[in-house]
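K.L.:
Dropping in target.cif, which is mmCIF, C-alpha atoms:
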```cif
data_final
loop_
_atom_site.label_atom_id
_atom_site.label_comp_id
_atom_site.auth_asym_id
_atom_site.auth_seq_id
_atom_site.Cartn_x
_atom_site.Cartn_y
_atom_site.Cartn_z
CA MET A 21 -48.21 44.42 136.35
CA VAL A 22 -47.55 48.14 136.39
CA GLY A 23 -46.83 49.99 139.60
CA MET A 24 -49.36 52.12 141.44
CA ARG A 25 -49.18 55.74 142.47
CA ALA A 26 -51.56 58.43 143.69
CA LEU A 27 -54.74 58.46 141.63
CA ALA A 28 -53.42 55.50 139.66
CA LEU A 29 -54.27 51.85 139.36
CA ALA A 30 -52.91 48.68 137.86
CA LEU A 31 -54.87 47.60 134.79
CA LEU A 32 -54.70 44.85 132.27
CA ALA A 33 -50.97 45.30 131.75
CA PRO A 34 -49.30 47.24 130.37
CA ALA A 35 -51.65 50.23 129.90
CA ARG A 36 -52.67 52.17 132.97
CA VAL A 37 -54.86 55.01 134.10
CA THR A 38 -52.75 57.60 135.87
CA GLY A 39 -55.25 60.13 137.07
CA VAL A 40 -58.78 61.38 137.26
CA LYS A 41 -59.19 65.12 137.75
CA THR A 42 -61.81 67.78 137.40
CA ALA A 43 -60.86 70.30 134.74
CA LYS A 44 -60.41 74.06 135.13
CA PHE A 45 -60.18 76.45 132.21
CA GLU A 46 -59.58 80.18 131.82
CA THR A 47 -60.86 81.32 128.44
CA SER A 48 -61.41 85.07 128.68
CA THR A 49 -57.99 86.01 127.26
CA ARG A 50 -58.20 83.64 124.30
CA ALA A 51 -61.79 84.63 123.64
CA ALA A 52 -60.78 88.27 123.39
CA LYS A 53 -58.27 87.37 120.67
CA GLY A 54 -60.54 85.01 118.77
CA PRO A 55 -60.65 84.94 114.96
CA LYS A 56 -62.92 87.46 113.29
CA GLY A 57 -64.23 88.21 109.84
CA PHE A 58 -65.46 84.77 108.82
CA SER A 59 -67.66 84.52 105.74
CA MET A 60 -69.57 81.52 104.42
CA THR A 61 -68.00 79.85 101.39
CA SER A 62 -70.67 77.22 100.81
CA ARG A 63 -73.39 75.13 102.42
CA ILE A 64 -74.53 71.64 101.56
CA TYR A 65 -77.30 69.42 102.89
CA VAL A 66 -76.27 65.82 103.53
CA PRO A 67 -78.72 62.91 103.28
CA TYR A 68 -79.59 60.79 106.29
CA GLY A 69 -79.75 57.65 104.15
CA PRO A 70 -77.01 56.07 102.01
CA GLY A 71 -76.63 58.75 99.34
CA ASP A 72 -80.26 59.86 99.48
CA GLY A 73 -83.03 60.97 101.82
CA TYR A 74 -83.31 64.57 102.99
CA ALA A 75 -85.40 65.71 105.96
CA PHE A 76 -85.19 67.69 109.18
CA GLY A 77 -84.76 65.89 112.49
CA MET A 78 -83.17 62.73 111.08
CA GLY A 79 -79.67 63.23 112.53
CA ALA A 80 -78.05 63.22 109.08
CA VAL A 81 -74.67 64.45 110.35
CA GLU A 82 -73.85 63.06 113.78
CA LYS A 83 -70.05 63.17 113.34
CA THR A 84 -67.63 64.08 110.54
CA ALA A 85 -64.08 63.25 109.42
CA TRP A 86 -61.99 65.24 106.93
CA ASP A 87 -59.60 63.68 104.40
CA GLU A 88 -57.13 66.49 103.79
CA VAL A 89 -55.39 64.53 101.01
CA GLU A 90 -58.35 63.57 98.82
CA LYS A 91 -60.54 66.50 99.94
CA TYR A 92 -63.49 64.33 100.96
CA LEU A 93 -65.64 64.86 104.05
CA TYR A 94 -67.17 61.78 105.68
CA THR A 95 -70.36 62.01 107.72
CA VAL A 96 -72.26 59.46 109.81
CA SER A 97 -76.00 59.64 110.38
CA GLU A 98 -78.20 58.40 113.20
CA GLN A 99 -79.98 56.27 110.59
CA GLY A 100 -76.89 54.13 109.93
CA SER A 101 -75.34 55.71 106.85
CA VAL A 102 -71.88 57.01 106.02
CA ASN A 103 -71.95 59.66 103.30
CA VAL A 104 -69.09 61.26 101.39
CA VAL A 105 -68.99 64.91 100.34
CA ASP A 106 -66.56 66.02 97.62
CA TYR A 107 -64.85 69.30 98.52
CA ALA A 108 -62.45 69.49 95.57
CA ASP A 109 -64.14 72.85 94.94
CA PRO A 110 -65.00 74.28 98.39
CA THR A 111 -67.48 76.68 96.82
CA LYS A 112 -69.46 73.81 95.25
CA PRO A 113 -69.39 70.70 97.47
CA VAL A 114 -71.17 67.63 96.12
CA VAL A 115 -72.53 64.50 97.85
CA VAL A 116 -71.00 61.48 96.08
CA LYS A 117 -73.98 59.13 96.16
CA ASP A 118 -72.06 56.10 94.85
CA PHE A 119 -69.50 56.37 97.69
CA ALA A 120 -72.07 56.00 100.51
CA ILE A 121 -71.78 53.13 103.01
CA ASP A 122 -75.09 51.53 103.98
CA LEU A 123 -75.12 50.36 107.61
CA THR A 124 -78.85 50.77 108.12
CA GLY A 125 -79.90 49.53 111.53
CA LYS A 126 -76.51 50.15 113.14
CA LYS A 127 -76.14 52.77 115.88
CA LEU A 128 -73.28 54.73 114.31
CA THR A 129 -71.38 56.86 116.80
CA ASP A 130 -68.24 58.19 115.11
CA VAL A 131 -66.05 58.26 112.01
CA ALA A 132 -62.31 58.92 111.73
CA ILE A 133 -59.70 58.75 108.98
CA CYS A 134 -55.97 58.31 108.51
CA ALA A 135 -55.56 60.17 105.24
CA SER A 136 -51.86 59.33 104.92
CA LYS A 137 -52.64 55.60 105.01
CA GLN A 138 -56.02 55.79 103.27
CA MET A 139 -57.79 54.08 106.19
CA LEU A 140 -61.31 54.91 107.33
CA PHE A 141 -62.81 53.88 110.68
CA VAL A 142 -66.51 53.74 111.59
CA ALA A 143 -67.73 52.96 115.11
CA HIS A 144 -71.12 51.60 116.10
CA GLY A 145 -72.80 50.30 119.24
CA ALA A 146 -74.50 46.95 119.69
CA ASP A 147 -78.18 46.50 118.92
CA ASP A 148 -78.98 46.43 122.64
CA VAL A 149 -76.56 49.32 123.38
CA VAL A 150 -75.11 47.65 126.49
CA SER A 151 -73.17 44.84 124.76
CA ASP A 152 -69.76 45.32 123.16
CA GLY A 153 -69.57 47.60 120.14
CA ARG A 154 -67.46 47.42 117.00
CA VAL A 155 -65.09 49.53 114.91
CA ARG A 156 -65.19 48.79 111.19
CA PHE A 157 -62.16 49.40 108.95
CA TYR A 158 -62.49 50.59 105.34
CA SER A 159 -60.15 51.72 102.62
CA ALA A 160 -60.74 55.43 102.09
CA ALA A 161 -62.30 56.83 98.94
CA ARG A 162 -59.82 57.80 96.24
CA ARG A 163 -59.97 60.37 93.49
CA GLU A 164 -57.35 59.05 91.04
CA PRO A 165 -58.09 56.34 90.17
CA SER A 166 -61.65 56.74 91.42
CA ALA A 167 -62.50 54.23 94.15
CA LYS A 168 -65.29 54.07 96.72
CA PRO A 169 -64.69 53.02 100.35
CA ALA A 170 -64.29 49.25 100.68
CA TYR A 171 -64.82 47.16 103.82
CA LEU A 172 -61.63 45.58 105.21
CA LYS A 173 -62.29 44.16 108.71
CA GLU A 174 -63.59 45.03 112.16
CA VAL A 175 -62.64 44.76 115.83
CA THR A 176 -64.64 44.43 119.02
CA THR A 177 -64.51 47.24 121.59
CA GLY A 178 -66.32 47.96 124.84
CA PRO A 179 -70.00 48.94 125.04
CA LEU A 180 -71.04 51.96 122.95
CA PRO A 181 -67.76 53.20 121.38
CA ASP A 182 -68.67 56.89 121.38
CA MET A 183 -65.45 58.30 119.91
CA ILE A 184 -62.53 56.89 117.93
CA SER A 185 -59.21 58.62 117.34
CA PRO A 186 -56.01 57.41 115.62
CA ASN A 187 -52.68 58.64 116.90
CA GLY A 188 -50.58 61.01 114.81
CA GLU A 189 -48.68 58.24 112.98
CA CYS A 190 -51.83 56.14 112.55
CA THR A 191 -50.20 53.16 114.23
CA MET A 192 -52.77 52.96 117.03
CA LEU A 193 -56.43 53.72 117.53
CA ALA A 194 -58.02 54.87 120.78
CA VAL A 195 -61.72 54.25 121.44
CA ALA A 196 -63.85 55.84 124.18
CA ASN A 197 -66.41 53.23 125.29
CA GLU A 198 -69.18 55.18 126.97
CA GLY A 199 -70.86 52.18 128.57
CA GLU A 200 -74.25 53.86 128.60
CA GLY A 201 -76.90 52.09 130.68
CA ARG A 202 -80.35 50.87 129.70
CA TYR A 203 -83.45 50.30 131.80
CA SER A 204 -86.28 47.96 130.90
CA SER A 205 -89.26 46.68 132.84
CA ALA A 206 -88.21 43.12 132.05
CA GLY A 207 -84.57 43.27 133.06
CA GLY A 208 -84.27 46.33 135.27
CA LEU A 209 -81.14 48.47 135.00
CA VAL A 210 -78.17 47.22 132.98
CA ASP A 211 -75.24 49.63 133.11
CA PRO A 212 -71.87 48.43 131.80
CA PRO A 213 -68.70 50.16 133.06
CA GLY A 214 -66.98 52.77 130.92
CA SER A 215 -63.59 51.94 129.42
CA VAL A 216 -61.07 52.73 126.69
CA SER A 217 -59.96 50.34 123.95
CA LEU A 218 -56.51 50.68 122.40
CA VAL A 219 -55.97 49.07 119.00
CA LYS A 220 -52.61 48.43 117.32
CA ASP A 221 -51.41 46.61 114.18
CA LEU A 222 -54.04 48.50 112.21
CA THR A 223 -52.91 47.09 108.87
CA ALA A 224 -52.85 43.48 110.08
CA ALA A 225 -55.63 41.05 109.19
CA GLU A 226 -56.50 40.88 112.90
CA PRO A 227 -55.47 44.04 114.81
CA THR A 228 -54.62 43.67 118.50
CA VAL A 229 -57.11 45.20 120.96
CA MET A 230 -56.31 46.11 124.56
CA ASN A 231 -59.30 47.04 126.72
CA VAL A 232 -58.46 49.44 129.55
CA PRO A 233 -61.17 49.31 132.27
CA PHE A 234 -61.86 52.03 134.83
CA THR A 235 -62.98 49.55 137.46
CA SER A 236 -60.33 50.37 140.07
CA LEU A 237 -60.15 54.17 140.06
CA GLY A 238 -61.44 54.19 143.60
CA SER A 239 -64.64 53.90 145.59
CA ASP A 240 -67.62 56.21 145.23
CA GLU A 241 -66.30 58.16 148.21
CA ASP A 242 -62.81 58.44 146.67
CA LEU A 243 -64.16 59.76 143.39
CA ILE A 244 -66.59 62.19 145.00
CA SER A 245 -63.80 63.57 147.20
CA LYS A 246 -61.84 64.38 144.01
CA GLY A 247 -64.78 66.33 142.60
CA VAL A 248 -65.95 63.59 140.24
CA HIS A 249 -69.71 63.69 139.72
CA LEU A 250 -71.46 60.32 139.98
CA PRO A 251 -74.94 60.47 138.41
CA LEU A 252 -76.16 57.30 140.15
CA SER A 253 -73.89 56.25 142.99
CA LYS A 254 -74.53 53.04 144.93
CA LYS A 255 -76.18 54.91 147.80
CA ALA A 256 -78.34 56.87 145.37
CA MET A 257 -79.30 53.62 143.67
CA GLU A 258 -80.27 52.14 147.02
CA TYR A 259 -82.40 55.19 147.85
CA TRP A 260 -84.32 55.12 144.57
CA ASP A 261 -84.75 51.36 144.72
CA GLU A 262 -85.95 51.09 148.32
CA HIS A 263 -87.05 54.43 149.76
CA SER A 264 -88.23 56.76 146.99
CA ALA A 265 -91.84 57.39 146.01
CA VAL A 266 -91.26 55.43 142.79
CA ALA A 267 -89.43 52.50 144.42
CA GLY A 268 -92.24 50.13 143.58
CA ASP A 269 -91.77 50.83 139.88
CA LEU A 270 -87.99 50.37 139.83
CA ASP A 271 -85.74 47.32 139.70
CA PHE A 272 -82.10 48.06 140.45
CA ALA A 273 -81.43 44.71 142.13
CA SER A 274 -79.13 43.31 139.46
CA ALA A 275 -77.27 46.60 138.99
CA ARG A 276 -76.73 46.96 142.73
CA ALA A 277 -75.45 43.40 143.04
CA SER A 278 -72.84 43.96 140.32
CA TYR A 279 -72.16 47.62 141.12
CA THR A 280 -68.76 49.22 140.55
CA PRO A 281 -68.04 52.97 140.46
CA ALA A 282 -66.97 52.54 136.82
CA MET A 283 -70.65 52.07 135.94
CA ASN A 284 -70.94 55.83 136.53
CA LEU A 285 -67.86 56.72 134.47
CA GLU A 286 -68.81 57.34 130.84
CA PRO A 287 -65.98 58.23 128.42
CA GLU A 288 -67.33 60.28 125.52
CA TYR A 289 -64.32 62.13 124.14
CA LEU A 290 -60.59 61.53 123.95
CA GLY A 291 -57.44 63.02 122.50
CA TRP A 292 -53.85 61.90 122.09
CA ALA A 293 -50.87 63.65 123.64
CA LEU A 294 -48.50 65.02 121.01
CA ALA A 295 -45.87 62.41 121.94
CA GLY A 296 -48.40 59.62 121.50
CA ASP A 297 -47.72 58.19 124.97
CA LYS A 298 -50.94 59.29 126.65
CA VAL A 299 -54.64 59.52 125.90
CA PHE A 300 -56.74 62.12 127.69
CA VAL A 301 -60.30 60.92 128.17
CA GLY A 302 -63.25 63.22 128.83
CA LEU A 303 -65.96 61.88 131.14
CA GLN A 304 -68.80 64.23 130.24
CA GLU A 305 -71.38 63.14 132.82
CA ASN A 306 -68.69 63.14 135.49
CA SER A 307 -67.08 66.55 134.81
CA ALA A 308 -63.70 64.82 134.89
CA ILE A 309 -60.73 63.85 132.72
CA VAL A 310 -58.82 60.57 132.96
CA THR A 311 -55.25 60.14 131.70
CA VAL A 312 -54.32 56.76 130.20
CA ASP A 313 -50.62 55.93 129.81
CA VAL A 314 -50.14 54.17 126.46
CA PRO A 315 -47.21 51.73 126.22
CA PRO A 316 -45.18 51.43 123.02
CA ALA A 317 -46.71 48.90 120.65
CA ALA A 318 -43.69 46.60 121.03
CA ASP A 319 -44.33 46.32 124.79
CA TRP A 320 -47.91 45.11 124.63
CA GLY A 321 -46.99 41.43 124.59
CA ALA A 322 -48.97 38.67 122.92
CA THR A 323 -51.93 39.06 125.28
CA PRO A 324 -52.90 42.36 126.97
#
```
For this file, produce the structure as C-alpha cells.
P.N.:
Amino acid sequence: MVGMRALALALLAPARVTGVKTAKFETSTRAAKGPKGFSMTSRIYVPYGPGDGYAFGMGAVEKTAWDEVEKYLYTVSEQGSVNVVDYADPTKPVVVKDFAIDLTGKKLTDVAICASKQMLFVAHGADDVVSDGRVRFYSAARREPSAKPAYLKEVTTGPLPDMISPNGECTMLAVANEGEGRYSSAGGLVDPPGSVSLVKDLTAAEPTVMNVPFTSLGSDEDLISKGVHLPLSKKAMEYWDEHSAVAGDLDFASARASYTPAMNLEPEYLGWALAGDKVFVGLQENSAIVTVDVPPAADWGATP
C-alpha cells in the first residue's frame, strides 16, 4: 500500500491520486501573441453512419484522432460509427467508405491512435450508461499495402469512458471514466463514482487493467473547502429528496444509502506528463484537476 500525504490517498496499489486542486490560468499574454493569418485549405463533411449518411444534428464528428504516419483522420459519431478520412492531399480530403467501423447502437465517446505502433483505440459506454464501459483495440488503417482497420480485442473500464489517451511511448493507456449518473422513475438515481483506468501490455492478448477510484479523496466538506464544486452533495441530495417542492416526485433513497463524494467527481479529460509518470485528470463539473501518480509497468504486480 502506498503512503499518504496531504491531499493524497492510498488506492488499489500501486497507483495513487496525489492531489485535487482548482485550476488558475493567466491567458492574456499568450492570447496577445496568438497565431494569425490562418486560411482554410479544405473542408469535408463526414457521415454519421458507417461510410454513409449525411445530415445536420446527427453528431457525425464527436471526437477525432490523427494518424500522422498514414495521414488518416479517424472520427467517431454519436450514432456509433468510426469513419476514416484520407488526408494524403490536404486540399482534397476523401472519406474512405470501405474503412468505416460499424458499431451502431454503441455510445461511442472517444478515439485515439498510436501511429508508431499502428494501434487504434475506440471507447464506448454501456447500454445503460452507468455500467462499466469498454475500450476496443484495432489495427490502424494502412496505405501500403492497403488495409482497413481490423478488430483485435477489448478491455473493460469504469462507467462511461469519456476520454482515452496513450502515453508517449504507447506502452500504457489512460482512460477517464466519467461515471455519469442516470435517473429513472423505476430505479431512482443511479450515479457511479468517477475513476481512471490505466491499461498496460497493450500488445498482449489480454492487456492488464488497473482501475484507480476516487472514493477516498475526502468528505464533501473536505472537497468543498478546497474549492471543488459538488453538483449534488449528500446534503443537497437530502434536501431535494425530503424537503423540496418536488420531493414527492424524486427517489434518491438508493443513491443516498450508497453515497460517496466520488459520485460527484466526473473525469472527462486527461493528459500525460511528459515523463509519463503522472496523469492529470480534468473534472469538468467540479472545476478541479486530479493528479494520478502512475507506477512503472514493471511495478504493477500480477494483480492491481
K.L.:
Just to confirm, what's the straight-line distance from CA of Val102 (chain A) to CA of Val219 (chain A) in Å (one decimal)?
P.N.:
22.0 Å
K.L.:
Any chance you could work out the residue set of the PyMOL selection byres ((chain A and resi 188-193) around 6) here, as a PyMOL selection string?
P.N.:
chain A and resi 185-187+194+218-220
K.L.:
Expand the PyMOL selection byres ((chain A and resi 59-76) around 7) into the explicit residue set it covers here, and present it as an mmCIF file with C-alpha atoms, in the frame of the given file.
P.N.:
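Listing of out04.cif after writing:
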```cif
data_model
loop_
_atom_site.group_PDB
_atom_site.id
_atom_site.type_symbol
_atom_site.label_atom_id
_atom_site.label_comp_id
_atom_site.auth_asym_id
_atom_site.auth_seq_id
_atom_site.Cartn_x
_atom_site.Cartn_y
_atom_site.Cartn_z
ATOM 1 C CA GLY A 57 -64.230 88.210 109.840
ATOM 2 C CA PHE A 58 -65.460 84.770 108.820
ATOM 3 C CA GLY A 77 -84.760 65.890 112.490
ATOM 4 C CA MET A 78 -83.170 62.730 111.080
ATOM 5 C CA GLY A 79 -79.670 63.230 112.530
ATOM 6 C CA ALA A 80 -78.050 63.220 109.080
ATOM 7 C CA SER A 97 -76.000 59.640 110.380
ATOM 8 C CA GLN A 99 -79.980 56.270 110.590
ATOM 9 C CA SER A 101 -75.340 55.710 106.850
ATOM 10 C CA VAL A 102 -71.880 57.010 106.020
ATOM 11 C CA ASN A 103 -71.950 59.660 103.300
ATOM 12 C CA PRO A 110 -65.000 74.280 98.390
ATOM 13 C CA THR A 111 -67.480 76.680 96.820
ATOM 14 C CA LYS A 112 -69.460 73.810 95.250
ATOM 15 C CA PRO A 113 -69.390 70.700 97.470
ATOM 16 C CA VAL A 115 -72.530 64.500 97.850
ATOM 17 C CA LYS A 117 -73.980 59.130 96.160
ATOM 18 C CA ASP A 118 -72.060 56.100 94.850
ATOM 19 C CA ALA A 120 -72.070 56.000 100.510
ATOM 20 C CA ILE A 121 -71.780 53.130 103.010
ATOM 21 C CA ASP A 122 -75.090 51.530 103.980
#
```
K.L.:
Measuring between only C-alpha atoms, which one of A:Val299, A:Ala206, A:Val216, A:Val131 shows the shortest distance to Asn231 (chain A)?
P.N.:
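Residue with the minimum atom-to-atom distance to Asn231 (chain A): A:Val216.
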K.L.:
Neighbours of Lys137 (chain A) within 10 Å (only C-alpha atoms; same-chain residues fewer than 2 positions away dropped), as a PyMOL selection string?
P.N.:
chain A and resi 133-135+139-140+159-160+189-191+223
K.L.:
Between CA of Val248 (chain A) and CA of Pro181 (chain A), measure the distance and give it in Å to one decimal.
P.N.:
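A separation of 21.6 Å between them.
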K.L.:
I'd like the interatomic distance between CA of Ala265 (chain A) and CA of Pro213 (chain A), to a tenth of an Å.
P.N.:
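About the pair CA of Ala265 (chain A) and CA of Pro213 (chain A): they are 27.5 Å apart.
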K.L.:
Nearest to Ile184 (chain A) among A:Tyr107, A:Tyr92, A:Phe272, A:Phe141, with distances taken over only C-alpha atoms: which residue is it?
P.N.:
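Of A:Tyr107, A:Tyr92, A:Phe272, A:Phe141, the one nearest Ile184 (chain A) is A:Phe141, counting only C-alpha atoms.
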K.L.:
Restricting the calculation to all atoms listed in the file, which member of A:Glu305, A:Glu198, A:Glu90, A:Asp297 is positioned closest to Glu164 (chain A)?
P.N.:
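Using all atoms listed in the file, the shortest distance to Glu164 (chain A) belongs to A:Glu90.
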K.L.:
Which residues fall under the PyMOL selection byres ((chain A and resi 224) around 12) in this file, as JSON, numbers by chain?
P.N.:
{"A": [157, 172, 173, 174, 175, 191, 192, 219, 220, 221, 222, 223, 225, 226, 227, 228, 229]}
K.L.:
For Lys126 (chain A), find every residue with an atom within 7 Å (counting only C-alpha atoms), except residues of its own chain fewer than 2 positions away, and show them as a JSON list (two decimals) with C-alpha atoms, in the coordinates of the input.
P.N.:
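Output (selection17.json):
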```json
[["chain", "number", "residue", "atom", "x", "y", "z"],
["A", 100, "GLY", "CA", -76.89, 54.13, 109.93],
["A", 123, "LEU", "CA", -75.12, 50.36, 107.61],
["A", 124, "THR", "CA", -78.85, 50.77, 108.12],
["A", 128, "LEU", "CA", -73.28, 54.73, 114.31],
["A", 144, "HIS", "CA", -71.12, 51.60, 116.10]]
```
